[in-house]
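A.B. asks: Got a structure for you, structure-v6.json, holding JSON, C-alpha atoms.
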```
[["chain", "number", "residue", "atom", "x", "y", "z"],
["A", 940, "MET", "CA", -29.22, 7.56, 28.21],
["A", 941, "GLN", "CA", -30.89, 7.23, 24.84],
["A", 942, "GLU", "CA", -29.73, 10.75, 23.99],
["A", 943, "THR", "CA", -26.13, 9.95, 24.98],
["A", 944, "LYS", "CA", -26.20, 6.89, 22.73],
["A", 945, "ARG", "CA", -27.35, 9.04, 19.85],
["A", 946, "TYR", "CA", -24.44, 11.43, 20.35],
["A", 947, "ILE", "CA", -22.00, 8.52, 20.55],
["A", 948, "PHE", "CA", -23.24, 7.07, 17.27],
["A", 949, "LEU", "CA", -23.13, 10.50, 15.69],
["A", 950, "ALA", "CA", -19.50, 10.87, 16.80],
["A", 951, "LEU", "CA", -18.63, 7.42, 15.41],
["A", 952, "ARG", "CA", -20.32, 8.18, 12.12],
["A", 953, "LEU", "CA", -18.55, 11.54, 11.79],
["A", 954, "LEU", "CA", -15.24, 9.92, 12.71],
["A", 955, "ILE", "CA", -15.43, 7.17, 10.10],
["A", 956, "GLY", "CA", -16.90, 9.59, 7.55],
["A", 957, "GLY", "CA", -14.16, 12.15, 8.16],
["A", 958, "ILE", "CA", -11.40, 9.57, 7.88],
["A", 959, "PHE", "CA", -12.76, 8.13, 4.62],
["A", 960, "PHE", "CA", -13.43, 11.56, 3.13],
["A", 961, "TYR", "CA", -9.90, 12.74, 3.97],
["A", 962, "ALA", "CA", -8.25, 9.52, 2.77],
["A", 963, "GLY", "CA", -10.21, 9.61, -0.49],
["A", 964, "LEU", "CA", -9.58, 13.30, -1.11],
["A", 965, "GLU", "CA", -5.82, 12.89, -0.69],
["A", 966, "LYS", "CA", -5.78, 10.09, -3.25],
["A", 967, "ILE", "CA", -8.04, 11.99, -5.66],
["A", 968, "LEU", "CA", -5.50, 14.82, -5.62],
["A", 969, "ASP", "CA", -2.61, 12.45, -6.40],
["A", 970, "PRO", "CA", -3.88, 9.31, -8.16],
["A", 971, "PHE", "CA", -0.39, 8.47, -9.44],
["A", 972, "ALA", "CA", 0.94, 8.12, -5.88],
["A", 973, "PHE", "CA", -2.00, 5.85, -5.07],
["A", 974, "SER", "CA", -1.32, 3.73, -8.16],
["A", 975, "MET", "CA", 2.24, 3.25, -6.82],
["A", 976, "ALA", "CA", 0.84, 2.13, -3.47],
["A", 977, "ILE", "CA", -1.41, -0.41, -5.23],
["A", 978, "TYR", "CA", 1.51, -1.62, -7.37],
["A", 979, "ASN", "CA", 3.61, -2.24, -4.24],
["A", 980, "TYR", "CA", 1.20, -4.92, -3.05],
["A", 981, "ARG", "CA", 2.13, -6.98, -6.16],
["A", 982, "LEU", "CA", -1.28, -8.63, -6.11],
["A", 983, "PHE", "CA", -3.12, -6.91, -8.95],
["A", 984, "PRO", "CA", -2.65, -7.11, -12.71],
["A", 985, "ASP", "CA", -0.68, -4.13, -14.04],
["A", 986, "LEU", "CA", -3.52, -3.37, -16.46],
["A", 987, "LEU", "CA", -5.88, -2.60, -13.56],
["A", 988, "LEU", "CA", -3.57, -0.23, -11.65],
["A", 989, "GLY", "CA", -4.87, 2.92, -13.37],
["A", 990, "GLY", "CA", -8.53, 1.95, -13.09],
["A", 991, "MET", "CA", -8.23, 1.11, -9.42],
["A", 992, "ALA", "CA", -6.27, 4.27, -8.61],
["A", 993, "ALA", "CA", -8.83, 6.33, -10.52],
["A", 994, "THR", "CA", -12.01, 4.97, -8.98],
["A", 995, "ILE", "CA", -11.38, 3.70, -5.42],
["A", 996, "PRO", "CA", -10.54, 7.16, -3.99],
["A", 997, "TRP", "CA", -13.80, 8.56, -5.36],
["A", 998, "MET", "CA", -15.74, 5.75, -3.72],
["A", 999, "GLU", "CA", -13.93, 6.40, -0.43],
["A", 1000, "ALA", "CA", -14.54, 10.13, -0.56],
["A", 1001, "MET", "CA", -18.18, 9.78, -1.54],
["A", 1002, "ALA", "CA", -18.84, 7.22, 1.19],
["A", 1003, "GLY", "CA", -17.14, 9.59, 3.64],
["A", 1004, "LEU", "CA", -19.23, 12.51, 2.47],
["A", 1005, "CYS", "CA", -22.44, 10.48, 2.86],
["A", 1006, "LEU", "CA", -21.49, 9.54, 6.42],
["A", 1007, "LEU", "CA", -20.59, 13.13, 7.27],
["A", 1008, "SER", "CA", -23.79, 14.55, 5.86],
["A", 1009, "GLY", "CA", -26.11, 11.82, 7.08],
["A", 1010, "PHE", "CA", -27.31, 10.98, 3.59],
["A", 1011, "ASN", "CA", -27.42, 7.28, 2.55],
["A", 1012, "THR", "CA", -25.55, 6.41, 5.73],
["A", 1013, "LYS", "CA", -26.41, 2.71, 5.68],
["A", 1014, "GLY", "CA", -25.17, 2.26, 2.12],
["A", 1015, "ALA", "CA", -22.03, 4.25, 2.88],
["A", 1016, "ALA", "CA", -21.32, 2.35, 6.11],
["A", 1017, "ALA", "CA", -21.78, -0.97, 4.30],
["A", 1018, "LEU", "CA", -19.30, 0.15, 1.66],
["A", 1019, "THR", "CA", -16.72, 1.42, 4.17],
["A", 1020, "SER", "CA", -17.04, -1.86, 6.11],
["A", 1021, "PHE", "CA", -16.53, -3.85, 2.92],
["A", 1022, "LEU", "CA", -13.55, -1.74, 1.85],
["A", 1023, "LEU", "CA", -11.97, -2.01, 5.31],
["A", 1024, "LEU", "CA", -12.39, -5.78, 5.23],
["A", 1025, "ILE", "CA", -10.54, -5.87, 1.91],
["A", 1026, "PHE", "CA", -7.81, -3.52, 3.24],
["A", 1027, "ILE", "CA", -7.33, -5.70, 6.34],
["A", 1028, "GLY", "CA", -7.08, -8.82, 4.15],
["A", 1029, "LEU", "CA", -4.52, -7.15, 1.87],
["A", 1030, "ILE", "CA", -2.41, -5.97, 4.79],
["A", 1031, "ILE", "CA", -2.45, -9.42, 6.42],
["A", 1032, "ILE", "CA", -1.47, -11.13, 3.14],
["A", 1033, "SER", "CA", 1.33, -8.61, 2.56],
["A", 1034, "ALA", "CA", 2.61, -8.94, 6.13],
["A", 1035, "ILE", "CA", 2.66, -12.73, 5.79],
["A", 1036, "ARG", "CA", 4.56, -12.38, 2.51],
["A", 1037, "GLY", "CA", 7.10, -10.23, 4.35],
["A", 1038, "LEU", "CA", 6.56, -7.15, 2.18],
["A", 1039, "ASP", "CA", 8.08, -4.05, 3.72],
["A", 1040, "ILE", "CA", 5.79, -1.53, 2.04],
["A", 1041, "ASP", "CA", 3.64, 1.44, 2.92],
["A", 1042, "CYS", "CA", -0.01, 0.40, 3.26],
["A", 1043, "GLY", "CA", -1.16, 3.32, 1.06],
["A", 1044, "CYS", "CA", -4.00, 4.06, 3.45],
["A", 1045, "PHE", "CA", -3.18, 7.78, 3.56],
["A", 1046, "GLU", "CA", -0.95, 9.67, 1.17],
["A", 1047, "SER", "CA", 0.38, 12.04, 3.83],
["A", 1048, "LEU", "CA", 0.97, 9.39, 6.52],
["A", 1049, "GLU", "CA", 3.62, 6.74, 6.16],
["A", 1050, "ARG", "CA", 2.24, 3.54, 7.66],
["A", 1051, "LYS", "CA", 3.90, 0.21, 6.92],
["A", 1052, "VAL", "CA", 1.90, -2.98, 6.55],
["A", 1053, "GLY", "CA", 2.03, -4.82, 9.87],
["A", 1054, "LEU", "CA", 0.31, -5.25, 13.19],
["A", 1055, "LEU", "CA", -0.32, -1.54, 13.79],
["A", 1056, "ALA", "CA", -2.02, -1.09, 10.42],
["A", 1057, "ILE", "CA", -4.09, -4.24, 11.00],
["A", 1058, "PHE", "CA", -5.13, -2.98, 14.45],
["A", 1059, "GLU", "CA", -6.07, 0.46, 13.13],
["A", 1060, "ASP", "CA", -8.10, -0.88, 10.22],
["A", 1061, "THR", "CA", -9.80, -3.44, 12.45],
["A", 1062, "SER", "CA", -10.80, -0.66, 14.86],
["A", 1063, "LEU", "CA", -12.20, 1.33, 11.96],
["A", 1064, "PHE", "CA", -14.03, -1.76, 10.72],
["A", 1065, "VAL", "CA", -15.69, -2.21, 14.14],
["A", 1066, "ILE", "CA", -16.74, 1.46, 14.17],
["A", 1067, "SER", "CA", -18.04, 1.18, 10.62],
["A", 1068, "MET", "CA", -20.05, -1.93, 11.51],
["A", 1069, "CYS", "CA", -21.49, -0.17, 14.58],
["A", 1070, "VAL", "CA", -22.66, 2.65, 12.31],
["A", 1071, "LEU", "CA", -24.08, 0.14, 9.85],
["A", 1072, "LEU", "CA", -25.95, -1.96, 12.42],
["A", 1073, "PHE", "CA", -26.95, 0.47, 15.17],
["A", 1074, "GLU", "CA", -26.98, 3.91, 13.64],
["A", 1075, "LYS", "CA", -30.70, 4.19, 12.94],
["A", 1076, "ASN", "CA", -31.36, 6.39, 15.97],
["A", 1077, "ALA", "CA", -28.24, 8.52, 15.67],
["A", 1078, "LEU", "CA", -28.47, 12.26, 15.24],
["A", 1079, "HIS", "CA", -28.03, 13.66, 11.78],
["A", 1080, "LEU", "CA", -26.16, 16.90, 11.34],
["A", 1081, "GLN", "CA", -29.20, 18.90, 10.37],
["A", 1082, "GLU", "CA", -31.07, 17.66, 13.43],
["A", 1083, "LEU", "CA", -28.15, 18.58, 15.65],
["A", 1084, "ILE", "CA", -27.92, 22.08, 14.18],
["A", 1085, "ASN", "CA", -31.66, 22.56, 14.66],
["A", 1086, "LYS", "CA", -31.31, 21.49, 18.28],
["A", 1087, "MET", "CA", -28.42, 23.81, 18.97],
["A", 1088, "LEU", "CA", -29.78, 26.93, 17.30],
["A", 1089, "PRO", "CA", -32.59, 27.81, 19.76],
["A", 1090, "ARG", "CA", -30.21, 27.36, 22.70],
["A", 1091, "ARG", "CA", -27.83, 29.89, 21.23],
["A", 1092, "ILE", "CA", -30.65, 32.36, 20.80],
["A", 1093, "ASP", "CA", -31.70, 31.80, 24.44],
["A", 1094, "GLU", "CA", -28.17, 32.53, 25.60],
["B", 1305, "MET", "CA", -32.87, -10.85, 12.01],
["B", 1306, "ILE", "CA", -32.48, -7.95, 9.61],
["B", 1307, "PRO", "CA", -35.39, -7.68, 7.17],
["B", 1308, "ASN", "CA", -34.56, -8.32, 3.52],
["B", 1309, "LYS", "CA", -35.94, -4.91, 2.61],
["B", 1310, "ILE", "CA", -33.30, -3.14, 4.72],
["B", 1311, "ILE", "CA", -30.49, -5.34, 3.36],
["B", 1312, "PHE", "CA", -31.64, -4.63, -0.19],
["B", 1313, "SER", "CA", -31.86, -0.86, 0.32],
["B", 1314, "THR", "CA", -28.43, -0.84, 2.03],
["B", 1315, "LEU", "CA", -26.86, -2.72, -0.85],
["B", 1316, "LYS", "CA", -28.58, -0.40, -3.30],
["B", 1317, "GLY", "CA", -27.11, 2.58, -1.44],
["B", 1318, "SER", "CA", -23.61, 1.05, -1.54],
["B", 1319, "LEU", "CA", -23.92, 0.20, -5.21],
["B", 1320, "ALA", "CA", -24.98, 3.76, -6.01],
["B", 1321, "ILE", "CA", -21.78, 5.10, -4.40],
["B", 1322, "VAL", "CA", -19.66, 2.53, -6.24],
["B", 1323, "ILE", "CA", -21.21, 3.34, -9.62],
["B", 1324, "ILE", "CA", -21.12, 7.12, -9.23],
["B", 1325, "GLY", "CA", -17.56, 6.93, -7.84],
["B", 1326, "ALA", "CA", -16.43, 4.71, -10.71],
["B", 1327, "ILE", "CA", -17.99, 6.99, -13.34],
["B", 1328, "LEU", "CA", -16.60, 10.20, -11.82],
["B", 1329, "GLY", "CA", -13.16, 8.77, -11.11],
["B", 1330, "GLY", "CA", -12.92, 7.01, -14.46],
["B", 1331, "PHE", "CA", -14.03, 10.07, -16.41],
["B", 1332, "LEU", "CA", -11.67, 12.45, -14.59],
["B", 1333, "ASN", "CA", -8.68, 10.08, -14.84],
["B", 1334, "LEU", "CA", -9.01, 8.74, -18.37],
["B", 1335, "GLY", "CA", -5.32, 9.48, -19.03],
["B", 1336, "LEU", "CA", -4.23, 7.39, -16.06],
["B", 1337, "ILE", "CA", -6.40, 4.46, -17.14],
["B", 1338, "LYS", "CA", -5.10, 4.63, -20.72],
["B", 1339, "ALA", "CA", -1.50, 4.80, -19.46],
["B", 1340, "SER", "CA", -2.18, 1.74, -17.33],
["B", 1341, "ILE", "CA", -3.53, -0.23, -20.27],
["B", 1342, "ASN", "CA", -0.66, 0.61, -22.62],
["B", 1343, "GLY", "CA", 2.02, -0.06, -19.96],
["B", 1344, "GLU", "CA", 3.23, 3.55, -19.61],
["B", 1345, "LEU", "CA", 1.97, 3.82, -16.04],
["B", 1346, "LEU", "CA", 3.97, 0.80, -14.91],
["B", 1347, "LYS", "CA", 7.15, 2.21, -16.46],
["B", 1348, "LYS", "CA", 6.50, 5.58, -14.82],
["B", 1349, "ILE", "CA", 5.95, 3.92, -11.43],
["B", 1350, "LYS", "CA", 9.19, 1.93, -11.71],
["B", 1351, "ASP", "CA", 11.19, 4.99, -12.80],
["B", 1352, "LYS", "CA", 9.78, 7.06, -9.96],
["B", 1353, "GLN", "CA", 10.47, 4.39, -7.34],
["B", 1354, "LEU", "CA", 14.01, 3.82, -8.60],
["B", 1355, "GLY", "CA", 14.62, 7.59, -8.57],
["B", 1356, "ASP", "CA", 13.26, 7.86, -5.03],
["B", 1357, "LEU", "CA", 15.40, 4.96, -3.86],
["B", 1358, "LYS", "CA", 18.54, 6.54, -5.35],
["B", 1359, "ASN", "CA", 17.75, 9.96, -3.91],
["B", 1360, "LYS", "CA", 17.09, 8.52, -0.48],
["B", 1361, "THR", "CA", 20.49, 6.88, -0.29],
["B", 1362, "ALA", "CA", 23.11, 9.15, -1.74],
["B", 1363, "GLN", "CA", 26.00, 7.22, -0.16],
["B", 1364, "ILE", "CA", 25.09, 3.98, -1.92],
["B", 1365, "THR", "CA", 26.30, 3.26, -5.45],
["B", 1366, "PHE", "CA", 23.75, 1.74, -7.81],
["B", 1367, "VAL", "CA", 24.50, -0.45, -10.79],
["B", 1368, "GLU", "CA", 22.46, -0.46, -13.98],
["B", 1369, "LEU", "CA", 20.83, -3.71, -15.04],
["B", 1370, "LYS", "CA", 22.97, -4.13, -18.18],
["B", 1371, "GLU", "CA", 26.16, -3.38, -16.27],
["B", 1372, "ALA", "CA", 25.13, -5.93, -13.63],
["B", 1373, "LYS", "CA", 24.65, -8.53, -16.38],
["B", 1374, "ARG", "CA", 28.10, -7.70, -17.82],
["B", 1375, "LEU", "CA", 29.67, -8.20, -14.38],
["B", 1376, "PHE", "CA", 27.65, -11.40, -13.96],
["B", 1377, "ASP", "CA", 29.07, -12.72, -17.24],
["B", 1378, "GLU", "CA", 32.62, -11.85, -16.14],
["B", 1379, "LYS", "CA", 32.03, -14.07, -13.08],
["B", 1380, "THR", "CA", 34.13, -11.83, -10.84],
["B", 1381, "THR", "CA", 31.22, -10.35, -8.93],
["B", 1382, "ILE", "CA", 29.19, -11.96, -6.16],
["B", 1383, "PHE", "CA", 25.44, -11.30, -6.14],
["B", 1384, "LEU", "CA", 23.74, -11.11, -2.76],
["B", 1385, "ASP", "CA", 20.03, -11.72, -2.26],
["B", 1386, "SER", "CA", 18.80, -9.55, 0.64],
["B", 1387, "ARG", "CA", 15.21, -10.88, 0.55],
["B", 1388, "SER", "CA", 13.82, -13.47, 2.94],
["B", 1389, "ALA", "CA", 15.14, -17.02, 2.90],
["B", 1390, "GLY", "CA", 11.80, -18.17, 1.47],
["B", 1391, "ASP", "CA", 12.00, -15.77, -1.47],
["B", 1392, "TYR", "CA", 15.60, -16.86, -2.08],
["B", 1393, "ARG", "CA", 14.62, -20.53, -2.07],
["B", 1394, "ASP", "CA", 11.75, -19.79, -4.44],
["B", 1395, "SER", "CA", 14.03, -18.24, -7.06],
["B", 1396, "HIS", "CA", 17.13, -16.06, -7.21],
["B", 1397, "ILE", "CA", 19.74, -14.74, -9.60],
["B", 1398, "GLN", "CA", 21.88, -17.67, -10.74],
["B", 1399, "GLY", "CA", 24.79, -18.18, -8.36],
["B", 1400, "ALA", "CA", 23.63, -15.51, -5.92],
["B", 1401, "LEU", "CA", 24.20, -16.03, -2.22],
["B", 1402, "GLY", "CA", 21.31, -15.60, 0.20],
["B", 1403, "LEU", "CA", 22.02, -12.99, 2.87],
["B", 1404, "PRO", "CA", 18.66, -11.76, 4.20],
["B", 1405, "PHE", "CA", 18.93, -8.29, 5.70],
["B", 1406, "ILE", "CA", 16.86, -9.37, 8.70],
["B", 1407, "SER", "CA", 19.24, -12.27, 9.42],
["B", 1408, "LEU", "CA", 22.27, -9.97, 9.28],
["B", 1409, "VAL", "CA", 20.65, -7.55, 11.71],
["B", 1410, "GLN", "CA", 20.07, -10.44, 14.12],
["B", 1411, "ASP", "CA", 23.57, -11.86, 13.71],
["B", 1412, "ARG", "CA", 26.22, -9.53, 12.36],
["B", 1413, "THR", "CA", 28.83, -12.31, 12.21],
["B", 1414, "LEU", "CA", 26.79, -13.85, 9.38],
["B", 1415, "ALA", "CA", 28.45, -11.57, 6.83],
["B", 1416, "GLY", "CA", 31.94, -12.85, 7.69],
["B", 1417, "ARG", "CA", 30.77, -16.45, 7.32],
["B", 1418, "ILE", "CA", 28.89, -16.05, 4.04],
["B", 1419, "ILE", "CA", 31.16, -13.50, 2.33],
["B", 1420, "PRO", "CA", 34.59, -13.67, 4.00],
["B", 1421, "ASP", "CA", 36.41, -11.81, 1.19],
["B", 1422, "LYS", "CA", 35.99, -8.09, 1.83],
["B", 1423, "ASN", "CA", 37.74, -7.03, -1.35],
["B", 1424, "ARG", "CA", 35.35, -8.64, -3.82],
["B", 1425, "LEU", "CA", 32.68, -6.63, -5.62],
["B", 1426, "TYR", "CA", 29.22, -7.39, -4.25],
["B", 1427, "ILE", "CA", 25.95, -6.58, -6.02],
["B", 1428, "ILE", "CA", 22.96, -6.62, -3.72],
["B", 1429, "TYR", "CA", 19.36, -6.91, -4.83],
["B", 1430, "CYS", "CA", 15.88, -7.38, -3.37],
["B", 1431, "SER", "CA", 12.34, -7.22, -4.75],
["B", 1432, "GLY", "CA", 12.71, -4.25, -7.06],
["B", 1433, "GLU", "CA", 12.26, -0.51, -7.06],
["B", 1434, "GLY", "CA", 9.81, -0.35, -4.16],
["B", 1435, "CYS", "CA", 12.03, -2.43, -1.88],
["B", 1436, "ASP", "CA", 14.83, -0.98, 0.23],
["B", 1437, "LEU", "CA", 16.21, -4.16, 1.82],
["B", 1438, "SER", "CA", 19.12, -4.13, -0.63],
["B", 1439, "VAL", "CA", 20.00, -0.56, 0.32],
["B", 1440, "GLU", "CA", 19.76, -1.37, 4.03],
["B", 1441, "LEU", "CA", 21.98, -4.44, 3.55],
["B", 1442, "ALA", "CA", 24.47, -2.34, 1.55],
["B", 1443, "LYS", "CA", 24.64, 0.17, 4.42],
["B", 1444, "GLU", "CA", 25.27, -2.64, 6.90],
["B", 1445, "LEU", "CA", 28.03, -4.15, 4.76],
["B", 1446, "ILE", "CA", 29.71, -0.77, 4.28],
["B", 1447, "ALA", "CA", 29.61, -0.35, 8.06],
["B", 1448, "LEU", "CA", 31.25, -3.78, 8.33],
["B", 1449, "ASP", "CA", 34.12, -2.59, 6.07],
["B", 1450, "TYR", "CA", 33.05, -4.03, 2.76],
["B", 1451, "PRO", "CA", 34.10, -1.21, 0.42],
["B", 1452, "ASN", "CA", 32.91, -2.60, -2.93],
["B", 1453, "VAL", "CA", 29.17, -2.79, -2.57],
["B", 1454, "ARG", "CA", 26.62, -1.90, -5.29],
["B", 1455, "VAL", "CA", 22.85, -2.10, -5.40],
["B", 1456, "LEU", "CA", 20.81, -3.36, -8.32],
["B", 1457, "GLY", "CA", 17.75, -1.10, -8.08],
["B", 1458, "GLU", "CA", 15.61, -3.13, -10.48],
["B", 1459, "GLY", "CA", 16.12, -6.09, -8.16],
["B", 1460, "TYR", "CA", 15.14, -9.67, -8.85],
["B", 1461, "PRO", "CA", 11.96, -8.77, -10.80],
["B", 1462, "GLY", "CA", 13.94, -6.57, -13.24],
["B", 1463, "TRP", "CA", 16.59, -9.28, -13.70],
["B", 1464, "ALA", "CA", 13.98, -11.99, -14.30],
["B", 1465, "GLU", "CA", 11.95, -9.76, -16.66],
["B", 1466, "ALA", "CA", 15.09, -9.21, -18.75],
["B", 1467, "LYS", "CA", 15.28, -13.03, -19.04],
["B", 1468, "TYR", "CA", 18.71, -13.12, -17.40],
["B", 1469, "PRO", "CA", 19.72, -16.40, -15.69],
["B", 1470, "VAL", "CA", 17.89, -17.34, -12.51],
["B", 1471, "GLU", "CA", 17.73, -20.52, -10.47],
["B", 1472, "PRO", "CA", 15.79, -22.66, -10.11],
["B", 1473, "SER", "CA", 15.34, -21.86, -13.81],
["B", 1474, "ARG", "CA", 11.84, -20.91, -14.93]]
```
Could I get this file's structure written as structure tokens?
C.D. replies:
Amino acid sequence: MQETKRYIFLALRLLIGGIFFYAGLEKILDPFAFSMAIYNYRLFPDLLLGGMAATIPWMEAMAGLCLLSGFNTKGAAALTSFLLLIFIGLIIISAIRGLDIDCGCFESLERKVGLLAIFEDTSLFVISMCVLLFEKNALHLQELINKMLPRRIDE
Amino acid sequence: MIPNKIIFSTLKGSLAIVIIGAILGGFLNLGLIKASINGELLKKIKDKQLGDLKNKTAQITFVELKEAKRLFDEKTTIFLDSRSAGDYRDSHIQGALGLPFISLVQDRTLAGRIIPDKNRLYIIYCSGEGCDLSVELAKELIALDYPNVRVLGEGYPGWAEAKYPVEPSR
């Protein structure tokens, strides 16, 4: 049972890490497109658009990489939880304001602000919080690889 | 209760990612940050969004901001605000009629009641380059046999920025 739990938390950590790494990488490759997404929210001063588009994707990707690799997972999970909380707040505000815009969550996926985006980000927030609060016994990649290697040799 | 030591080390870990991310991202995108500070980025974003909007809707005719103002001064053109009723109440182009796209979708007879004359020239606007409500409303009106429909791509923000007349006046 304990072992199953560890695999579940590993899967959750890899899921949230993979999503953040992918989302960040896409934006790193096209920061201009991300600056447009930020602009569409009409909530931030124009002067900050470039700085936000330049730095947030790197934070996302680095947090994702930490979660994937099992390094600084608590810090990364706290950051992804915090970022998701901000994203959820932004989407709710924009939906209330009646803005018909893309949420800018992923460059390659068109997802409008609205209930679906709120539901998805809330689900990710719950996963991220699970990793933050309960992950201490989860398997790390290196441990998993070490466990699997002898079995392969036996086979 | 989570011990303070764990909270502190978690926050330290988060802060490290934020700082390293900010340094890396800032250093590798200095041009973008400079463009943002001197206003070039905003202009580029608006141009790109307006271009995308025009490309997306080849069958819709757009009107330039200055041309829209000339038509406004001639007082022969009717401006239509396709944003929500709340946005319209907050502020709109002087003399514009409120015809929210959502309301027209719910009740297609609304067009006939608000703009009975199908031969007038109508200029539709919404919240600017990133908004396509004006284009959607234009499509609906064309489908309802209004032949003279144009879209002001810059929308209300572009009109207000150019200090053209709005009401309530600001």
A.B. asks: What lies within 8 Å of Thr1019 of chain A using only C-alpha atoms, ignoring chain neighbours under 6 positions off, as an MDAnalysis selection string?
C.D. replies: chainID A and resid 959 999 1002 1064 1067
A.B. asks: Could you write out that same residue set with C-alpha atoms as a compact mmCIF listing (two decimals), in the coordinates of the input?
C.D. replies:
```
# COMPACT_ATOMS: atom_id res chain seq x y z
CA PHE A 959 -12.76 8.13 4.62
CA GLU A 999 -13.93 6.40 -0.43
CA ALA A 1002 -18.84 7.22 1.19
CA PHE A 1064 -14.03 -1.76 10.72
CA SER A 1067 -18.04 1.18 10.62
```
A.B. asks: Would you mind listing, as a PyMOL selection string, all residues of chain A that have at least one atom within 8 Å of chain B, where only C-alpha atoms are what counts?
C.D. replies: chain A and resi 971+974-975+979+985-990+993-998+1001-1002+1011+1013-1015+1017-1018+1037+1039-1040
A.B. asks: Kindly give the distance, in Å, that separates atom CA of Glu1059 of chain A and atom CA of Leu1006 of chain A, rounded to a single decimal.
C.D. replies: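 Atom CA of Leu1006 of chain A lies at a distance of 19.1 Å from atom CA of Glu1059 of chain A.
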A.B. asks: Quick one: distance from atom CA of Phe960 of chain A to atom CA of Arg945 of chain A in Å, one decimal?
C.D. replies: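 The value is 21.9 Å.
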A.B. asks: Can you tell me how far atom CA of Thr1381 of chain B sits from atom CA of Ile1419 of chain B, in Å to one decimal?
C.D. replies: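 A separation of 11.7 Å between them.
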A.B. asks: List as a list in words the protein and nucleic acid residues near Ile1428 of chain B, meaning an atom at most 8 Å away when all atoms listed in the file are counted, but skip any in the same chain fewer than 6 places from it.
C.D. replies: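 The neighbour list is Phe1383, Leu1384, Asp1385, Ser1386, Ser1438, Val1439, Leu1441, Ala1442, Val1453, Arg1454, Val1455 and Leu1456 of chain B.
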A.B. asks: Using only C-alpha atoms, find the one residue out of A:Lys966, A:Arg981, A:Phe948, A:Gly956 that sits nearest to Phe1010 of chain A.
C.D. replies: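 The shortest atom-to-atom distance to Phe1010 of chain A comes from A:Gly956.
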A.B. asks: Quick one: residues within 10 Å of Gly1399 of chain B, all atoms listed in the file, excluding same-chain residues fewer than 2 positions away - as a VMD selection string?
C.D. replies: chain B and resid 1376 1379 1382 to 1384 1396 to 1397 1401 to 1402 1469 to 1471
A.B. asks: In terms of the shortest atom-to-atom distance over only C-alpha atoms, which of B:Gly1459, B:Leu1425, B:Asn1452, B:Ala1466 is closest to Glu1378 of chain B?
C.D. replies: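 With only C-alpha atoms as the atom set, the closest residue is B:Leu1425.
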A.B. asks: Mind working out the centre and edge lengths of an axis-aligned box for segment 1326-1340 of chain B, all listed atoms inside, 4 Å added to each side, rounded to one decimal in Å and written as JSON?
C.D. replies:
```
{"center_x": -9.7, "center_y": 7.1, "center_z": -15.7, "size_x": 24.5, "size_y": 18.7, "size_z": 18.0}
```
A.B. asks: Can you work out which one of A:Ala1034, A:Tyr961, A:Val1065, A:Asp1041 has the shortest atom-to-atom distance to Gly1053 of chain A, counting all atoms listed in the file?
C.D. replies: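 The closest residue to Gly1053 of chain A is A:Ala1034.
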A.B. asks: Could you check the closest approach to Leu1004 of chain A for each of A:Leu953, A:Ala992, A:Ile967, A:Leu1054 and tell me which residue wins, using only C-alpha atoms?
C.D. replies: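 The shortest atom-to-atom distance to Leu1004 of chain A comes from A:Leu953.
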A.B. asks: Pick from B:Arg1424, B:Ala1447, B:Tyr1460, B:Glu1465: nearest to Gln1363 of chain B, with all atoms listed in the file counted?
C.D. replies: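 Using all atoms listed in the file, the shortest distance to Gln1363 of chain B belongs to B:Ala1447.
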A.B. asks: Counting all atoms listed in the file, which of A:Pro984, A:Gly1043, A:Gly1003, A:Gly957 gets nearest to Asp969 of chain A?
C.D. replies: A:Gly1043
